[in-house]
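Structure, as structure tokens:
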Amino acid sequence: MPVRHGRLARRSPWRSVATILAFTTGVLVVSGGAVAGVAAWDVAGSVKPGVHLAHMADTSGSTQAPAADVAAITGGVNLLLTGTDTRTGQGGAYSTNAELAASAGAGNNDVTMLLHIAQDHHSMSVISFPRDLMVAVPACPQADGSTASASSRVMLNTTLARGGLSCVVVTIEKLTGLQIPFAAQISFDGVTAMSNAVGGVTVCVASPINDLYTNPPLHLAAGQQTIVGEEALSFLRSRHGVGDGSDLGRISNQQVFMAALARKVESGGVLGNPVMLYSLAKAATGNMVLSDTLTNPTTLVQIALALKDTGLANMVFLQYPTVADPQDVNRVIPQSTGAKIVNAALVADQPIVLSGLPGRAAVIDESATATAIPTPAPSSSTTATASPPRATPSPTTTPAGAVLPSTVTGQTAAEQTCSKGN
């Protein structure tokens, strides 16, 4: 069934979201050999058949099963995370004719993220690619054996419907120059299940967030709010309720959640709870479509262990650099200078260092006692206000790496930020 798109200003915000990061910062930070071994044995039964990925270049050896021992994966990791907005099989409010007409079948990859773990495991980057990013798409193999033709100008979120998970992978490979051997896909019900499995996440809300377009409608007062289940889904899917109402604002709102989730995992809320780890692993494998390189539970554990000692300050969440598309104000294209720096850093396996502010729907929490990047002294206010500029990174305060232009937005997991309503 075809997927229908409207103009950005009118598009419904009922979209898939980024609780996939429960997979990358929850399942992927599993520690403790005994727990991992028991989980791997039982979780294997919930793994769905894997998707074989096509690639822009040869990735010989990437599909081989890992060794039986549970230890950190050798070398770096490139893992593509997608969220589909399909209504097919989601039930409830999504089963109406209007909803199914909006997106059915494979759906759109309205969330596309790339997880890059460095070869030395000392840094991690999660790059969010806007759904409305116009990109060149290579030829994509189809399930029936045919091939969708290459195109020089396609909206990124159509690539899942164009050729499945593999098509999204080859598109991001072409855009970044990376080889991506691992991929995962999640839908609405999977997002809810993952949020329940992690036990909820406490986020800072700078100003009230109200969004009547999510299901259920989202109403959050200013302050610290613990969100779980369907409320977490609405929070992550909200577009009209945060920032300037754009998809770019929604990305920064999702980054607030992901950073808070990473801090929860690091602080022991997840790592110190074997039952939660087991539940999270089973939720991931039971509610995601995985590439055939990820269907061995041991692989998930090995990737997890690669992040065990990375540290929050070295976990960076950023939006892929973009500017307005001169051909269509409702679309964006890569920003040449910033995109080149990001791509080069990823290919060269360099840490990424931010110098700009959080995105459109996020502000630095000035009431927090610790931040990863130097900022002016906190005010006496207990609520977040407009973010002060980050101090220029220096070798004495940040790890050596590729410093991005100040126009590139994002945050580290150590930085405490707040989402702001519009």
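By order in the structure tokens, chains are A, B, ...; within a chain, residues start at 1; ligands start at 1, following the order shown.
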
| field | Residues within 6 Å of A:Gly359, only C-alpha atoms, excluding chain neighbours under 4 positions, as number ranges by chain | value | A: 252, 409-410

Determine, for each residue of stretch 200-288 of chain A having at least one atom at most 9 Å from an atom of stretch 411-421 of chain A, the closest pair of atoms and their separation in Å to one decimal, counting only C-alpha atoms; order by chain and ascending number, as a Markdown table.
```
| residue | atom | partner | partner_atom | distance |
| --- | --- | --- | --- | --- |
| A:Val203 | CA | A:Cys418 | CA | 7.0 |
| A:Cys204 | CA | A:Cys418 | CA | 4.5 |
| A:Val205 | CA | A:Ser419 | CA | 4.9 |
| A:Ala206 | CA | A:Lys420 | CA | 4.9 |
| A:Ser207 | CA | A:Lys420 | CA | 5.1 |
| A:Pro208 | CA | A:Gly421 | CA | 5.5 |
| A:Ile209 | CA | A:Gly421 | CA | 4.4 |
| A:Asn210 | CA | A:Gly421 | CA | 7.1 |
| A:Ala222 | CA | A:Lys420 | CA | 8.6 |
| A:Gly223 | CA | A:Cys418 | CA | 8.8 |
| A:Gln224 | CA | A:Cys418 | CA | 8.9 |
| A:His240 | CA | A:Gly421 | CA | 8.8 |
| A:Gly241 | CA | A:Gly421 | CA | 5.6 |
| A:Val242 | CA | A:Gly421 | CA | 4.3 |
| A:Gly243 | CA | A:Gly421 | CA | 5.7 |
| A:Asp244 | CA | A:Gly421 | CA | 8.4 |
| A:Ser252 | CA | A:Ser419 | CA | 8.0 |
| A:Asn253 | CA | A:Ser419 | CA | 5.7 |
| A:Gln254 | CA | A:Ser419 | CA | 8.8 |
| A:Gln255 | CA | A:Gln411 | CA | 7.5 |
| A:Val256 | CA | A:Thr417 | CA | 6.0 |
| A:Phe257 | CA | A:Ser419 | CA | 8.7 |
| A:Met258 | CA | A:Ala413 | CA | 7.6 |
| A:Ala259 | CA | A:Ala413 | CA | 4.3 |
| A:Ala260 | CA | A:Ala413 | CA | 7.0 |
| A:Leu261 | CA | A:Ala413 | CA | 8.5 |
| A:Ala262 | CA | A:Ala413 | CA | 6.2 |
| A:Arg263 | CA | A:Ala413 | CA | 6.6 |
```

| query | So, counting only C-alpha atoms, which residue among A:Ala118, A:Ala54, A:Val301, A:Leu80 is closest to A:Val316? | reply |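 Checking each of A:Ala118, A:Ala54, A:Val301, A:Leu80 against A:Val316, counting only C-alpha atoms, the winner is A:Ala118.
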
| query | Can you tell me how far atom CA of A:Ser291 sits from atom CA of A:Met124, in Å to one decimal? | reply |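 We find that atom CA of A:Ser291 and atom CA of A:Met124 lie 20.8 Å from each other.
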
| field | Non-local contacts of A:Asn314 (12 Å; only C-alpha atoms; under 6 positions in same chain excluded) as a count of residues only | value | 30

| task | Just list the residues in stretch 170-363 of chain A DSSP gives strand (DSSP E or B) on the backbone, as a ChimeraX atom specification. | result | /A:182-186,201-207,209-211,218-220,223-227,242,288-291,315-319,322-325,328-334,352-353,362-363

Those same residues, written as a compact mmCIF listing (two decimals), in the first residue's frame with N, CA and C atoms?
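That gives us out.txt:
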```
# COMPACT_ATOMS: atom_id res chain seq x y z
N PHE A 182 25.37 -3.79 10.90
CA PHE A 182 24.28 -4.11 11.82
C PHE A 182 23.12 -3.15 11.63
N ALA A 183 21.88 -3.65 11.77
CA ALA A 183 20.72 -2.78 11.64
C ALA A 183 19.55 -3.36 12.43
N ALA A 184 18.65 -2.47 12.88
CA ALA A 184 17.47 -2.88 13.64
C ALA A 184 16.32 -1.93 13.34
N GLN A 185 15.11 -2.44 13.44
CA GLN A 185 13.90 -1.67 13.13
C GLN A 185 12.86 -1.93 14.21
N ILE A 186 12.13 -0.86 14.59
CA ILE A 186 11.12 -0.98 15.63
C ILE A 186 9.87 -0.22 15.21
N VAL A 201 11.80 6.56 32.20
CA VAL A 201 12.94 7.48 32.21
C VAL A 201 12.49 8.82 32.77
N THR A 202 13.28 9.40 33.64
CA THR A 202 12.97 10.71 34.21
C THR A 202 13.60 11.79 33.35
N VAL A 203 12.76 12.67 32.79
CA VAL A 203 13.23 13.75 31.93
C VAL A 203 12.92 15.09 32.58
N CYS A 204 13.71 16.09 32.24
CA CYS A 204 13.48 17.46 32.71
C CYS A 204 12.62 18.18 31.68
N VAL A 205 11.58 18.84 32.14
CA VAL A 205 10.71 19.62 31.28
C VAL A 205 10.84 21.09 31.68
N ALA A 206 11.33 21.92 30.76
CA ALA A 206 11.59 23.32 31.08
C ALA A 206 10.30 24.14 31.14
N SER A 207 9.38 23.86 30.25
CA SER A 207 8.09 24.54 30.22
C SER A 207 7.03 23.53 29.79
N ILE A 209 4.52 20.95 28.32
CA ILE A 209 4.39 20.36 26.99
C ILE A 209 2.98 19.82 26.84
N ASN A 210 2.29 20.28 25.83
CA ASN A 210 0.93 19.82 25.55
C ASN A 210 0.82 19.51 24.07
N ASP A 211 0.41 18.30 23.77
CA ASP A 211 0.27 17.89 22.37
C ASP A 211 -0.98 17.02 22.25
N LEU A 218 -0.55 14.27 25.07
CA LEU A 218 0.56 14.47 25.99
C LEU A 218 0.38 15.76 26.78
N HIS A 219 0.43 15.64 28.11
CA HIS A 219 0.35 16.81 28.98
C HIS A 219 1.40 16.64 30.08
N LEU A 220 2.47 17.41 30.01
CA LEU A 220 3.52 17.33 31.02
C LEU A 220 3.77 18.71 31.61
N GLY A 223 9.21 20.63 35.16
CA GLY A 223 9.85 19.93 36.26
C GLY A 223 10.36 18.57 35.84
N GLN A 224 10.74 17.77 36.81
CA GLN A 224 11.22 16.42 36.54
C GLN A 224 10.02 15.48 36.39
N GLN A 225 9.94 14.79 35.27
CA GLN A 225 8.81 13.93 35.00
C GLN A 225 9.30 12.54 34.61
N THR A 226 8.78 11.51 35.27
CA THR A 226 9.12 10.14 34.92
C THR A 226 8.07 9.62 33.96
N ILE A 227 8.49 9.22 32.77
CA ILE A 227 7.57 8.79 31.73
C ILE A 227 7.86 7.34 31.36
N VAL A 242 6.53 20.44 21.16
CA VAL A 242 7.88 20.82 21.61
C VAL A 242 8.55 21.76 20.62
N MET A 288 11.68 -6.15 17.80
CA MET A 288 12.44 -5.49 16.75
C MET A 288 12.68 -6.44 15.60
N VAL A 289 12.79 -5.88 14.41
CA VAL A 289 13.28 -6.62 13.26
C VAL A 289 14.77 -6.36 13.18
N LEU A 290 15.57 -7.43 13.21
CA LEU A 290 17.03 -7.30 13.26
C LEU A 290 17.66 -7.79 11.97
N SER A 291 18.80 -7.23 11.63
CA SER A 291 19.58 -7.79 10.54
C SER A 291 20.09 -9.16 10.97
N MET A 315 29.78 10.00 25.18
CA MET A 315 28.62 9.58 24.39
C MET A 315 27.96 10.84 23.84
N VAL A 316 28.00 11.00 22.52
CA VAL A 316 27.53 12.22 21.87
C VAL A 316 26.31 11.93 21.02
N PHE A 317 25.26 12.75 21.20
CA PHE A 317 24.06 12.67 20.38
C PHE A 317 24.00 13.93 19.53
N LEU A 318 23.91 13.81 18.22
CA LEU A 318 23.87 14.98 17.37
C LEU A 318 22.92 14.80 16.21
N GLN A 319 22.44 15.91 15.71
CA GLN A 319 21.64 15.90 14.49
C GLN A 319 22.58 16.06 13.31
N THR A 322 22.36 19.99 8.64
CA THR A 322 21.48 20.28 7.52
C THR A 322 21.22 21.77 7.40
N VAL A 323 20.73 22.15 6.21
CA VAL A 323 20.22 23.50 5.97
C VAL A 323 18.93 23.35 5.18
N ALA A 324 18.16 24.43 5.11
CA ALA A 324 16.91 24.40 4.37
C ALA A 324 17.18 24.09 2.90
N ASP A 325 16.30 23.29 2.32
CA ASP A 325 16.40 22.92 0.92
C ASP A 325 15.93 24.11 0.07
N ASP A 328 12.63 23.47 -1.69
CA ASP A 328 11.41 23.20 -0.94
C ASP A 328 11.64 23.58 0.51
N VAL A 329 10.93 24.56 1.01
CA VAL A 329 11.15 25.05 2.38
C VAL A 329 10.78 24.01 3.43
N ASN A 330 10.01 22.99 3.05
CA ASN A 330 9.61 21.94 3.99
C ASN A 330 10.58 20.77 4.01
N ARG A 331 11.72 20.90 3.37
CA ARG A 331 12.72 19.85 3.31
C ARG A 331 14.08 20.43 3.71
N VAL A 332 15.03 19.55 3.99
CA VAL A 332 16.40 19.97 4.31
C VAL A 332 17.37 19.17 3.46
N ILE A 333 18.58 19.70 3.31
CA ILE A 333 19.66 19.03 2.61
C ILE A 333 20.91 19.07 3.50
N PRO A 334 21.90 18.20 3.25
CA PRO A 334 23.11 18.24 4.08
C PRO A 334 23.79 19.60 4.01
N ILE A 352 33.74 12.68 18.15
CA ILE A 352 33.07 13.90 17.70
C ILE A 352 32.89 14.83 18.89
N VAL A 353 33.29 16.09 18.72
CA VAL A 353 33.22 17.08 19.80
C VAL A 353 32.27 18.19 19.37
N ALA A 362 15.36 21.85 23.11
CA ALA A 362 16.11 21.50 24.32
C ALA A 362 16.92 22.68 24.81
N VAL A 363 17.09 22.75 26.12
CA VAL A 363 17.94 23.76 26.75
C VAL A 363 18.77 23.09 27.84
```

| message | For a test of reading the model, state the distance in Å between atom CA of A:Gly286 and atom CA of A:Arg239, rounded to one decimal. | response |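 Answer for the atom CA of A:Gly286 to atom CA of A:Arg239 separation: 27.7 Å.
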
| remark: Judged by only C-alpha atoms, the minimum distance to A:Ala143 among A:Pro216, A:His52, A:Asp120, A:Val170 is found for A:His52

| task | Could you please determine the separation between atom CA of A:Asp189 and atom CA of A:Thr295 in Å, to one decimal place? | result |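 Separating atom CA of A:Asp189 from atom CA of A:Thr295 is a distance of 19.9 Å.
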
| request: Go through A:Asn343, A:Asn287, A:Asn422, A:Ser355 one by one, measure the shortest atom-to-atom distance of each to A:Lys174 using only C-alpha atoms, and give the residue with the smallest value. | output: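 Ranking A:Asn343, A:Asn287, A:Asn422, A:Ser355 by distance to A:Lys174, first place goes to A:Asn343.
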
| task | Could you give me, as a PyMOL selection string, the residues within 8 Å of A:Val342, counting only C-alpha atoms and dropping anything in the same chain fewer than 4 positions from it? | result | chain A and resi 320+338+346+352+402+404

Residue selection dump (all heavy atoms) as a PDB file, in the first residue's frame:
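Final output, again.pdb:
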```
ATOM      1  N   TYR A 320      22.396  15.233  12.278  1.00  0.00           N
ATOM      2  CA  TYR A 320      23.227  15.358  11.079  1.00  0.00           C
ATOM      3  C   TYR A 320      23.087  16.780  10.540  1.00  0.00           C
ATOM      4  O   TYR A 320      21.976  17.317  10.446  1.00  0.00           O
ATOM      5  CB  TYR A 320      22.779  14.342  10.031  1.00  0.00           C
ATOM      6  CG  TYR A 320      23.761  14.162   8.906  1.00  0.00           C
ATOM      7  CD1 TYR A 320      24.940  13.450   9.097  1.00  0.00           C
ATOM      8  CD2 TYR A 320      23.512  14.700   7.651  1.00  0.00           C
ATOM      9  CE1 TYR A 320      25.854  13.281   8.070  1.00  0.00           C
ATOM     10  CE2 TYR A 320      24.404  14.534   6.617  1.00  0.00           C
ATOM     11  CZ  TYR A 320      25.583  13.821   6.821  1.00  0.00           C
ATOM     12  OH  TYR A 320      26.484  13.662   5.794  1.00  0.00           O
ATOM     13  N   GLY A 338      29.624  21.063   7.684  1.00  0.00           N
ATOM     14  CA  GLY A 338      29.394  20.205   8.840  1.00  0.00           C
ATOM     15  C   GLY A 338      29.288  18.738   8.475  1.00  0.00           C
ATOM     16  O   GLY A 338      29.830  17.865   9.164  1.00  0.00           O
ATOM     17  N   LEU A 346      33.644  10.003  11.252  1.00  0.00           N
ATOM     18  CA  LEU A 346      33.129   8.647  11.363  1.00  0.00           C
ATOM     19  C   LEU A 346      34.019   7.656  10.629  1.00  0.00           C
ATOM     20  O   LEU A 346      34.370   6.602  11.158  1.00  0.00           O
ATOM     21  CB  LEU A 346      31.704   8.578  10.810  1.00  0.00           C
ATOM     22  CG  LEU A 346      30.623   9.313  11.616  1.00  0.00           C
ATOM     23  CD1 LEU A 346      29.314   9.342  10.843  1.00  0.00           C
ATOM     24  CD2 LEU A 346      30.431   8.669  12.977  1.00  0.00           C
ATOM     25  N   ILE A 352      33.737  12.681  18.147  1.00  0.00           N
ATOM     26  CA  ILE A 352      33.072  13.903  17.699  1.00  0.00           C
ATOM     27  C   ILE A 352      32.887  14.832  18.888  1.00  0.00           C
ATOM     28  O   ILE A 352      32.404  14.415  19.945  1.00  0.00           O
ATOM     29  CB  ILE A 352      31.723  13.575  17.041  1.00  0.00           C
ATOM     30  CG1 ILE A 352      31.964  12.881  15.690  1.00  0.00           C
ATOM     31  CG2 ILE A 352      30.875  14.821  16.854  1.00  0.00           C
ATOM     32  CD1 ILE A 352      30.697  12.440  14.983  1.00  0.00           C
ATOM     33  N   ALA A 402      37.243  15.426  16.297  1.00  0.00           N
ATOM     34  CA  ALA A 402      36.770  16.358  15.288  1.00  0.00           C
ATOM     35  C   ALA A 402      35.780  17.333  15.917  1.00  0.00           C
ATOM     36  O   ALA A 402      34.702  16.932  16.359  1.00  0.00           O
ATOM     37  CB  ALA A 402      36.121  15.593  14.151  1.00  0.00           C
ATOM     38  N   LEU A 404      33.012  19.970  15.760  1.00  0.00           N
ATOM     39  CA  LEU A 404      32.001  20.361  14.792  1.00  0.00           C
ATOM     40  C   LEU A 404      31.718  21.853  14.864  1.00  0.00           C
ATOM     41  O   LEU A 404      31.892  22.478  15.907  1.00  0.00           O
ATOM     42  CB  LEU A 404      30.707  19.592  15.055  1.00  0.00           C
ATOM     43  CG  LEU A 404      30.797  18.064  14.965  1.00  0.00           C
ATOM     44  CD1 LEU A 404      29.418  17.445  15.170  1.00  0.00           C
ATOM     45  CD2 LEU A 404      31.376  17.631  13.631  1.00  0.00           C
TER      46      LEU A 404
END
```

| Looking only at the backbone, which of the residues in stretch 136-372 of chain A does DSSP tag as alpha helix (DSSP H), as a ChimeraX atom specification? | /A:159-176,188-198,229-237,247-267,274-287,297-305,336-347

| Pick from A:Ser195, A:Thr171, A:Gln119, A:Thr112: nearest to A:Pro138, with only C-alpha atoms counted? |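 Using only C-alpha atoms, A:Pro138 sits closest to A:Thr171.
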